[in-house]
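Working notes, beginning with the structure itself.
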Amino acid sequence: MHLPGGNDRPERLLAYNGGFFTQRRVRRILELTGHRIVLGLPRDGDSVAIWGNSPTAHRGKAMAEKYDAPVVRVEDAFLRSLHPGRRGEPPIGLNVDRSGVHFDASVPSDLEQILSTALLDDSAMLAQARDAMARLRDSHLTKYSAVDPTVPAPDPGYVLVVDQTFGDASVTASGADRATFVDMPVQAQMDHPGARVLIKTHPEMRLGLRAGYFDASDASDRITLFDAPISPWTLLDGAVGVYTVSSQLGFEAMLAGHRPHVFGQPFYAGWGLSEDFNPVPRRTRKMTLAQLFAGAMIIYPKWYDPFEDALCDLPRVLDIMEAQARAWRADHAGWVASGMRLWKRKSLQKFFGAEVGVRFDEAPKALDGRRHMVWASKAGLEHAEAVRIEDGFLRSQGLGAELTPPLSLVADDLGIYYDPSAPSRLEHWIATRETLRADQTRRAEQLIARLVDGNLSKYNLNGPAPDLPAGHRVLVPGQVEDEASILTGTDAVRTNLDLLRAARAARPNAVLIYKPHPDVEAGLRAGTVDASGLADVVASNADPTALLAEVQEVWTMTSLLGFEALLRGVRVTTLGAPFYAGWGLTEDLGQCPERRRAGPTLAGLVHAALIDYPRYHDPITRQPCPVEVIVDRLTHGPLPRAGIANRGLSKLQGVFATWSGLWR
């Protein structure tokens, strides 16, 4: 890393604001950018750190002037967190500026200089900018992303006026005041005669943290104050015009296709993309929206990856924020859970109980505003609109039947992926991913490569692959014959023996390799089969990924091994209707639903099944995370294993394997 000052020693930053010392994330990001926060008096080569235009900024400015030290201004990046900083949540990025501060146009900031002078014509960077803009909108990400995309906007056709917190530094720096804010709805009504005016309050006002410039006295028959926790992207979709002083919502309005009317001097004004009532004369460059976004969101900020404890790029931050926002949106109202065995409850609490603790109740009479979840195999327990829970496809390092905690779970509000009798949320995602953006294709392909290179699978069990005879090799994975995917997803062929017979009949001269299911091999589930006379090799306790590297085909009923074979370019024939069948990627001999008409690529299938559908929980940071974090943990480890009590219970289960329904 190149450090400020041109040497390998961190630059000392003298700070006179306690937040630089108490906020570990802020201090860590600055350390990673080559700075060291210290107390004391500036010496030669030192700089003074100031947090924007905070109430304590005058201390730092006075010390910098007295000791003739450069000033480094630090602010939250434009994509910050789920909640405002006043709630104690750390930022995922910082703007570190040695020239000024982005919201104060009295002096050109580093950001303004980037926008004024940088070439901003790199095609790859501009493509990344366009992809990121699409992701922000699709995922409803904003500076504070704890917004609910399901909250409806008022009927479209309104003019949006944006309030801000009283005394906000960007408002003061723009020379604006209460009168400026009052002018906006007046101008909006002049520009849009007869249109309703919607004043959007700041999130901190709704939380009772700050006051705004508008209050109830500003409302009228045409003007409404709106404080619902709505996604700004939903709100912008219904607007016919946007008016702001300096709010970041004005920048997001640009990304949503608006040309906002700007009464202040924010960083995004003056570049030919807004109607400016108080222009900055020196800003004369005209640029595209992608160029503005690249300067403000790709070049200027210092982004941080809390899972790797390292600086990162914007796409990684979007991965992280999508995972965190998805978890908050699903969990913030709380859950009531039914059909959950005792050993699963701790993991479920970690996955779904960070906002409001999960309440376990086998027969809830009332949900009290919470959502209802049931384990997918426990039919009959659910309320209407219940969400079905199951293990994800990249689950753990160890068997679920050994009570190893999961790293991923799926929460399906439509059905469940293994039951083809009704649509599932996974089917929806697969159909949606028939078309991918370039960045989505790239992410899915990189994920496939990492899974294959790391020999990763659902359970990640290590075991040697046996020596295999030469010839055309066909892998036949055994399954637990009473598992739900067999009971719901098969028709003519429903047993391991019938599967072996079908494969042998179709491939009489092939080398047939039978791989027993690991739960059966471990003695935890019933379902052994005598494969002699049908299989040439019984690959007991073998690593399935090692076998996939040695075979040309897989024949399966509904096993996930068929999906893992597709990732490795192995031909797959299905005799049931697993989630990956019926899309044109497999040879299907079973009855697949007619509704599966989309034709996704392998990248589209993987994006749906491993990125969109499951939720992931990092056992190290104990945070919701993107799939790539789990791939890192499985590849490099170590990962927590089942506790002693769980391991003992799993052995006891082996004695009673026939009654596996007691713990499944």
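In the structure tokens, each chain is lettered A, B, ... as it comes, each chain's residues begin at 1, and ligands are numbered from 1 in order of appearance.
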Which neighbours of range 625-639 of chain A fall inside 8 Å, counting only C-alpha atoms, when residues of the same chain fewer than 4 positions from it are skipped, and could you give them as a PyMOL selection string?
chain A and resi 307+319-320+322-324+396-397+407+447+450-451+454+456+610-611+615-620
Expected file: the selected residues, N, CA and C atoms, as an mmCIF file, in the first residue's frame:
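Final file, selection31.cif:
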data_model
loop_
_atom_site.group_PDB
_atom_site.id
_atom_site.type_symbol
_atom_site.label_atom_id
_atom_site.label_comp_id
_atom_site.auth_asym_id
_atom_site.auth_seq_id
_atom_site.Cartn_x
_atom_site.Cartn_y
_atom_site.Cartn_z
ATOM 1 N N PHE A 307 -15.632 -8.246 6.582
ATOM 2 C CA PHE A 307 -15.380 -9.684 6.668
ATOM 3 C C PHE A 307 -13.911 -10.014 6.411
ATOM 4 N N ASP A 319 -22.364 -6.081 -2.588
ATOM 5 C CA ASP A 319 -22.649 -7.449 -2.137
ATOM 6 C C ASP A 319 -23.013 -7.454 -0.652
ATOM 7 N N ILE A 320 -22.208 -6.761 0.139
ATOM 8 C CA ILE A 320 -22.382 -6.748 1.588
ATOM 9 C C ILE A 320 -23.668 -6.041 1.981
ATOM 10 N N GLU A 322 -26.329 -5.476 0.176
ATOM 11 C CA GLU A 322 -27.502 -6.233 -0.249
ATOM 12 C C GLU A 322 -27.855 -7.313 0.774
ATOM 13 N N ALA A 323 -26.844 -8.024 1.274
ATOM 14 C CA ALA A 323 -27.091 -9.083 2.255
ATOM 15 C C ALA A 323 -27.633 -8.503 3.557
ATOM 16 N N GLN A 324 -27.072 -7.393 4.010
ATOM 17 C CA GLN A 324 -27.515 -6.807 5.271
ATOM 18 C C GLN A 324 -28.916 -6.209 5.154
ATOM 19 N N SER A 396 -22.557 -26.293 5.009
ATOM 20 C CA SER A 396 -21.724 -26.441 6.198
ATOM 21 C C SER A 396 -20.494 -27.260 5.871
ATOM 22 N N GLN A 397 -19.688 -27.451 6.904
ATOM 23 C CA GLN A 397 -18.578 -28.392 6.862
ATOM 24 C C GLN A 397 -18.963 -29.530 7.795
ATOM 25 N N LEU A 407 -24.548 -22.726 7.522
ATOM 26 C CA LEU A 407 -24.036 -21.428 7.109
ATOM 27 C C LEU A 407 -25.023 -20.712 6.198
ATOM 28 N N LEU A 447 -18.089 -17.110 -9.010
ATOM 29 C CA LEU A 447 -18.520 -17.998 -7.932
ATOM 30 C C LEU A 447 -18.375 -19.455 -8.351
ATOM 31 N N ARG A 450 -14.742 -20.474 -8.188
ATOM 32 C CA ARG A 450 -14.244 -20.647 -6.825
ATOM 33 C C ARG A 450 -14.763 -21.934 -6.191
ATOM 34 N N LEU A 451 -16.024 -22.269 -6.461
ATOM 35 C CA LEU A 451 -16.569 -23.514 -5.928
ATOM 36 C C LEU A 451 -15.851 -24.719 -6.513
ATOM 37 N N GLY A 454 -12.156 -24.822 -5.325
ATOM 38 C CA GLY A 454 -12.066 -25.160 -3.907
ATOM 39 C C GLY A 454 -12.688 -26.490 -3.545
ATOM 40 N N LEU A 456 -15.756 -27.352 -3.389
ATOM 41 C CA LEU A 456 -16.794 -27.107 -2.399
ATOM 42 C C LEU A 456 -18.125 -27.701 -2.846
ATOM 43 N N LEU A 610 -27.684 -19.644 -5.680
ATOM 44 C CA LEU A 610 -26.642 -19.433 -4.674
ATOM 45 C C LEU A 610 -26.476 -17.980 -4.246
ATOM 46 N N ILE A 611 -27.003 -17.041 -5.018
ATOM 47 C CA ILE A 611 -26.871 -15.625 -4.662
ATOM 48 C C ILE A 611 -28.218 -15.052 -4.235
ATOM 49 N N ARG A 615 -30.055 -17.197 2.320
ATOM 50 C CA ARG A 615 -29.430 -16.229 3.203
ATOM 51 C C ARG A 615 -28.225 -16.876 3.851
ATOM 52 N N TYR A 616 -27.167 -16.084 4.040
ATOM 53 C CA TYR A 616 -25.922 -16.586 4.604
ATOM 54 C C TYR A 616 -25.600 -15.833 5.889
ATOM 55 N N HIS A 617 -25.002 -16.563 6.826
ATOM 56 C CA HIS A 617 -24.636 -15.969 8.116
ATOM 57 C C HIS A 617 -23.196 -16.336 8.410
ATOM 58 N N ASP A 618 -22.366 -15.310 8.600
ATOM 59 C CA ASP A 618 -20.942 -15.530 8.864
ATOM 60 C C ASP A 618 -20.743 -15.893 10.335
ATOM 61 N N PRO A 619 -20.213 -17.083 10.641
ATOM 62 C CA PRO A 619 -20.053 -17.470 12.049
ATOM 63 C C PRO A 619 -18.914 -16.732 12.746
ATOM 64 N N ILE A 620 -18.073 -16.036 11.975
ATOM 65 C CA ILE A 620 -16.947 -15.319 12.586
ATOM 66 C C ILE A 620 -17.387 -13.929 13.046
#
Can you pull out every residue from range 361-588 of chain A that DSSP, working from the backbone, puts in strand (DSSP E), and format the result as a PyMOL selection string?
chain A and resi 371-375+387-391+408-412+473-477+511-515+537-538+553-556+571-574+587-588
If you run DSSP on the backbone here, which positions in range 334-499 of chain A get alpha helix (DSSP H)? Please write them as a ChimeraX atom specification.
/A:342-352,425-432,438-453,484-489,496-499
For N, CA and C atoms, I'd like the residues from the last selection saved as a short mmCIF file (atom, residue, chain, number, x, y, z; two decimals), in the first residue's frame.
data_model
loop_
_atom_site.label_atom_id
_atom_site.label_comp_id
_atom_site.auth_asym_id
_atom_site.auth_seq_id
_atom_site.Cartn_x
_atom_site.Cartn_y
_atom_site.Cartn_z
N LEU A 342 -35.25 -28.48 18.72
CA LEU A 342 -34.50 -27.71 19.71
C LEU A 342 -33.09 -27.39 19.24
N TRP A 343 -32.43 -28.35 18.59
CA TRP A 343 -31.03 -28.11 18.22
C TRP A 343 -30.90 -27.07 17.12
N LYS A 344 -31.99 -26.82 16.37
CA LYS A 344 -31.93 -25.84 15.29
C LYS A 344 -32.17 -24.42 15.77
N ARG A 345 -32.71 -24.28 16.96
CA ARG A 345 -33.21 -22.97 17.35
C ARG A 345 -32.11 -21.93 17.55
N LYS A 346 -30.96 -22.37 18.02
CA LYS A 346 -29.87 -21.42 18.21
C LYS A 346 -29.44 -20.82 16.87
N SER A 347 -29.31 -21.67 15.85
CA SER A 347 -28.94 -21.17 14.52
C SER A 347 -30.01 -20.26 13.95
N LEU A 348 -31.28 -20.63 14.15
CA LEU A 348 -32.36 -19.80 13.64
C LEU A 348 -32.37 -18.44 14.32
N GLN A 349 -32.07 -18.42 15.59
CA GLN A 349 -32.00 -17.15 16.30
C GLN A 349 -30.89 -16.27 15.73
N LYS A 350 -29.76 -16.88 15.38
CA LYS A 350 -28.66 -16.12 14.80
C LYS A 350 -29.03 -15.56 13.43
N PHE A 351 -29.67 -16.39 12.62
CA PHE A 351 -30.03 -15.97 11.28
C PHE A 351 -31.11 -14.89 11.27
N PHE A 352 -32.15 -15.09 12.07
CA PHE A 352 -33.36 -14.30 11.92
C PHE A 352 -33.69 -13.42 13.12
N ARG A 425 -40.17 -19.69 -4.59
CA ARG A 425 -39.44 -18.44 -4.82
C ARG A 425 -38.19 -18.70 -5.65
N LEU A 426 -37.58 -19.88 -5.50
CA LEU A 426 -36.40 -20.19 -6.31
C LEU A 426 -36.79 -20.27 -7.79
N GLU A 427 -37.92 -20.89 -8.10
CA GLU A 427 -38.37 -20.93 -9.50
C GLU A 427 -38.51 -19.51 -10.05
N HIS A 428 -39.07 -18.64 -9.23
CA HIS A 428 -39.22 -17.23 -9.65
C HIS A 428 -37.87 -16.63 -9.98
N TRP A 429 -36.88 -16.86 -9.10
CA TRP A 429 -35.56 -16.28 -9.33
C TRP A 429 -34.91 -16.87 -10.58
N ILE A 430 -35.06 -18.16 -10.79
CA ILE A 430 -34.44 -18.78 -11.97
C ILE A 430 -35.04 -18.18 -13.24
N ALA A 431 -36.36 -18.02 -13.27
CA ALA A 431 -36.99 -17.42 -14.45
C ALA A 431 -36.54 -15.97 -14.63
N THR A 432 -36.41 -15.24 -13.51
CA THR A 432 -35.96 -13.85 -13.58
C THR A 432 -34.55 -13.75 -14.12
N ALA A 438 -24.10 -7.76 -17.27
CA ALA A 438 -22.72 -8.24 -17.38
C ALA A 438 -22.11 -8.49 -16.01
N ASP A 439 -22.39 -7.62 -15.03
CA ASP A 439 -21.80 -7.80 -13.71
C ASP A 439 -22.38 -9.01 -13.00
N GLN A 440 -23.66 -9.32 -13.26
CA GLN A 440 -24.27 -10.50 -12.65
C GLN A 440 -23.68 -11.78 -13.25
N THR A 441 -23.49 -11.77 -14.55
CA THR A 441 -22.85 -12.93 -15.19
C THR A 441 -21.45 -13.13 -14.64
N ARG A 442 -20.70 -12.04 -14.54
CA ARG A 442 -19.33 -12.12 -14.05
C ARG A 442 -19.29 -12.65 -12.61
N ARG A 443 -20.19 -12.16 -11.77
CA ARG A 443 -20.20 -12.60 -10.38
C ARG A 443 -20.53 -14.09 -10.28
N ALA A 444 -21.53 -14.55 -11.03
CA ALA A 444 -21.91 -15.96 -11.00
C ALA A 444 -20.79 -16.84 -11.54
N GLU A 445 -20.14 -16.41 -12.61
CA GLU A 445 -19.05 -17.22 -13.18
C GLU A 445 -17.85 -17.27 -12.23
N GLN A 446 -17.57 -16.17 -11.57
CA GLN A 446 -16.48 -16.18 -10.58
C GLN A 446 -16.83 -17.10 -9.41
N LEU A 447 -18.09 -17.11 -9.01
CA LEU A 447 -18.52 -18.00 -7.93
C LEU A 447 -18.37 -19.46 -8.35
N ILE A 448 -18.79 -19.79 -9.56
CA ILE A 448 -18.64 -21.16 -10.06
C ILE A 448 -17.18 -21.57 -10.02
N ALA A 449 -16.30 -20.70 -10.52
CA ALA A 449 -14.88 -21.03 -10.56
C ALA A 449 -14.33 -21.27 -9.16
N ARG A 450 -14.74 -20.47 -8.19
CA ARG A 450 -14.24 -20.65 -6.82
C ARG A 450 -14.76 -21.93 -6.19
N LEU A 451 -16.02 -22.27 -6.46
CA LEU A 451 -16.57 -23.51 -5.93
C LEU A 451 -15.85 -24.72 -6.51
N VAL A 452 -15.60 -24.68 -7.82
CA VAL A 452 -14.92 -25.80 -8.47
C VAL A 452 -13.47 -25.89 -8.02
N ASP A 453 -12.77 -24.77 -8.02
CA ASP A 453 -11.36 -24.77 -7.63
C ASP A 453 -11.19 -25.19 -6.17
N ALA A 484 -37.86 -35.39 1.75
CA ALA A 484 -38.97 -34.67 1.13
C ALA A 484 -38.81 -34.54 -0.38
N SER A 485 -37.58 -34.36 -0.87
CA SER A 485 -37.41 -34.18 -2.32
C SER A 485 -37.78 -35.44 -3.09
N ILE A 486 -37.61 -36.62 -2.47
CA ILE A 486 -38.03 -37.87 -3.11
C ILE A 486 -39.55 -38.00 -3.05
N LEU A 487 -40.12 -37.71 -1.90
CA LEU A 487 -41.57 -37.88 -1.73
C LEU A 487 -42.36 -36.92 -2.61
N THR A 488 -41.82 -35.72 -2.85
CA THR A 488 -42.58 -34.73 -3.61
C THR A 488 -42.09 -34.57 -5.05
N GLY A 489 -40.85 -34.96 -5.33
CA GLY A 489 -40.26 -34.61 -6.61
C GLY A 489 -39.97 -35.77 -7.54
N ASN A 496 -33.41 -45.84 -4.65
CA ASN A 496 -32.04 -45.94 -5.15
C ASN A 496 -31.86 -47.15 -6.05
N LEU A 497 -32.52 -48.24 -5.71
CA LEU A 497 -32.39 -49.45 -6.52
C LEU A 497 -32.97 -49.23 -7.92
N ASP A 498 -34.14 -48.60 -7.99
CA ASP A 498 -34.74 -48.32 -9.29
C ASP A 498 -33.89 -47.34 -10.10
N LEU A 499 -33.27 -46.40 -9.41
CA LEU A 499 -32.38 -45.46 -10.10
C LEU A 499 -31.20 -46.20 -10.71
#
Tell me which protein, DNA and RNA residues are within 10 Å of Ser377 in chain A, counting only C-alpha atoms, leaving out same-chain ones fewer than 5 positions away, and put them as a list in words.
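Neighbouring residues, sequence-local ones excluded: Gly339, Arg388, Ile389, Glu390, Ile416, Glu483, Ala484, Ser485, Gly661 and Arg664 of chain A.
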Written selection (C-alpha atoms) as a short mmCIF file (atom, residue, chain, number, x, y, z; two decimals), in the first residue's frame:
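The resulting result-v9.cif:
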data_model
loop_
_atom_site.label_atom_id
_atom_site.label_comp_id
_atom_site.auth_asym_id
_atom_site.auth_seq_id
_atom_site.Cartn_x
_atom_site.Cartn_y
_atom_site.Cartn_z
CA GLY A 339 -41.82 -26.93 13.66
CA ARG A 388 -40.90 -22.15 4.70
CA ILE A 389 -37.35 -22.64 5.97
CA GLU A 390 -34.79 -25.17 4.73
CA ILE A 416 -40.17 -24.73 -1.27
CA GLU A 483 -36.58 -37.34 2.33
CA ALA A 484 -38.97 -34.67 1.13
CA SER A 485 -37.41 -34.18 -2.32
CA GLY A 661 -38.63 -37.60 11.72
CA ARG A 664 -35.54 -33.65 11.05
#
Please provide as a PyMOL selection string all residues within 8 Å of range 213-217 of chain A, with the sequence filter that same-chain residues fewer than 4 positions apart are discarded (counting only C-alpha atoms).
chain A and resi 163-166+178+181-182+225
How would the residues just picked look written out with N, CA, C and O atoms as a PDB file, in the first residue's frame?
ATOM      1  N   ASP A 163     -36.977  17.440   2.437  1.00  0.00           N
ATOM      2  CA  ASP A 163     -36.560  18.133   3.659  1.00  0.00           C
ATOM      3  C   ASP A 163     -35.202  17.601   4.095  1.00  0.00           C
ATOM      4  O   ASP A 163     -34.756  16.530   3.659  1.00  0.00           O
ATOM      5  N   GLN A 164     -34.526  18.337   4.961  1.00  0.00           N
ATOM      6  CA  GLN A 164     -33.251  17.907   5.529  1.00  0.00           C
ATOM      7  C   GLN A 164     -33.231  18.241   7.014  1.00  0.00           C
ATOM      8  O   GLN A 164     -34.107  18.983   7.509  1.00  0.00           O
ATOM      9  N   THR A 165     -32.264  17.692   7.729  1.00  0.00           N
ATOM     10  CA  THR A 165     -32.185  17.960   9.164  1.00  0.00           C
ATOM     11  C   THR A 165     -31.772  19.410   9.403  1.00  0.00           C
ATOM     12  O   THR A 165     -30.931  19.963   8.684  1.00  0.00           O
ATOM     13  N   PHE A 166     -32.377  19.991  10.417  1.00  0.00           N
ATOM     14  CA  PHE A 166     -32.131  21.409  10.702  1.00  0.00           C
ATOM     15  C   PHE A 166     -30.664  21.622  11.071  1.00  0.00           C
ATOM     16  O   PHE A 166     -30.102  20.926  11.913  1.00  0.00           O
ATOM     17  N   ARG A 178     -34.267  28.373   6.376  1.00  0.00           N
ATOM     18  CA  ARG A 178     -35.693  28.024   6.355  1.00  0.00           C
ATOM     19  C   ARG A 178     -36.394  28.638   5.143  1.00  0.00           C
ATOM     20  O   ARG A 178     -37.208  27.993   4.481  1.00  0.00           O
ATOM     21  N   PHE A 181     -36.000  26.577   1.997  1.00  0.00           N
ATOM     22  CA  PHE A 181     -36.845  25.393   1.974  1.00  0.00           C
ATOM     23  C   PHE A 181     -38.293  25.761   1.654  1.00  0.00           C
ATOM     24  O   PHE A 181     -38.968  25.060   0.887  1.00  0.00           O
ATOM     25  N   VAL A 182     -38.771  26.869   2.223  1.00  0.00           N
ATOM     26  CA  VAL A 182     -40.141  27.296   1.965  1.00  0.00           C
ATOM     27  C   VAL A 182     -40.325  27.662   0.492  1.00  0.00           C
ATOM     28  O   VAL A 182     -41.406  27.480  -0.083  1.00  0.00           O
ATOM     29  N   LEU A 225     -46.847  16.261   4.257  1.00  0.00           N
ATOM     30  CA  LEU A 225     -45.589  15.766   4.821  1.00  0.00           C
ATOM     31  C   LEU A 225     -45.633  14.246   4.837  1.00  0.00           C
ATOM     32  O   LEU A 225     -46.609  13.648   5.289  1.00  0.00           O
TER      33      LEU A 225
END
Test item: residues at most 8 Å from Val48 in chain A, only C-alpha atoms, excluding those fewer than 4 positions along its chain, as a ChimeraX atom specification
/A:13-15,42,60-61,63-64,69-72
Which one of A:Asp227, A:Glu31, A:Asp44, A:Asp104 sits closest to Phe267 in chain A if you count only C-alpha atoms?
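Among A:Asp227, A:Glu31, A:Asp44, A:Asp104, it is A:Asp104 that comes nearest to Phe267 in chain A.
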Can you work out which one of A:Met297, A:Ala577, A:Leu468, A:Val493 has the shortest atom-to-atom distance to Tyr418 in chain A, counting only C-alpha atoms?
A:Ala577
Of the listed residues A:Gln591, A:Gln291, A:Ser457, A:Asn509, that which approaches Met133 in chain A most closely, counting only C-alpha atoms:
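Going through A:Gln591, A:Gln291, A:Ser457, A:Asn509 one by one, the smallest distance to Met133 in chain A is for A:Gln291.
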If you count only C-alpha atoms, which residues fall within 10 Å of range 109-122 of chain A, apart from same-chain ones fewer than 2 positions away, as a PyMOL selection string?
chain A and resi 73+95-107+124-128+267-268+271+282-288+290-297+299-301
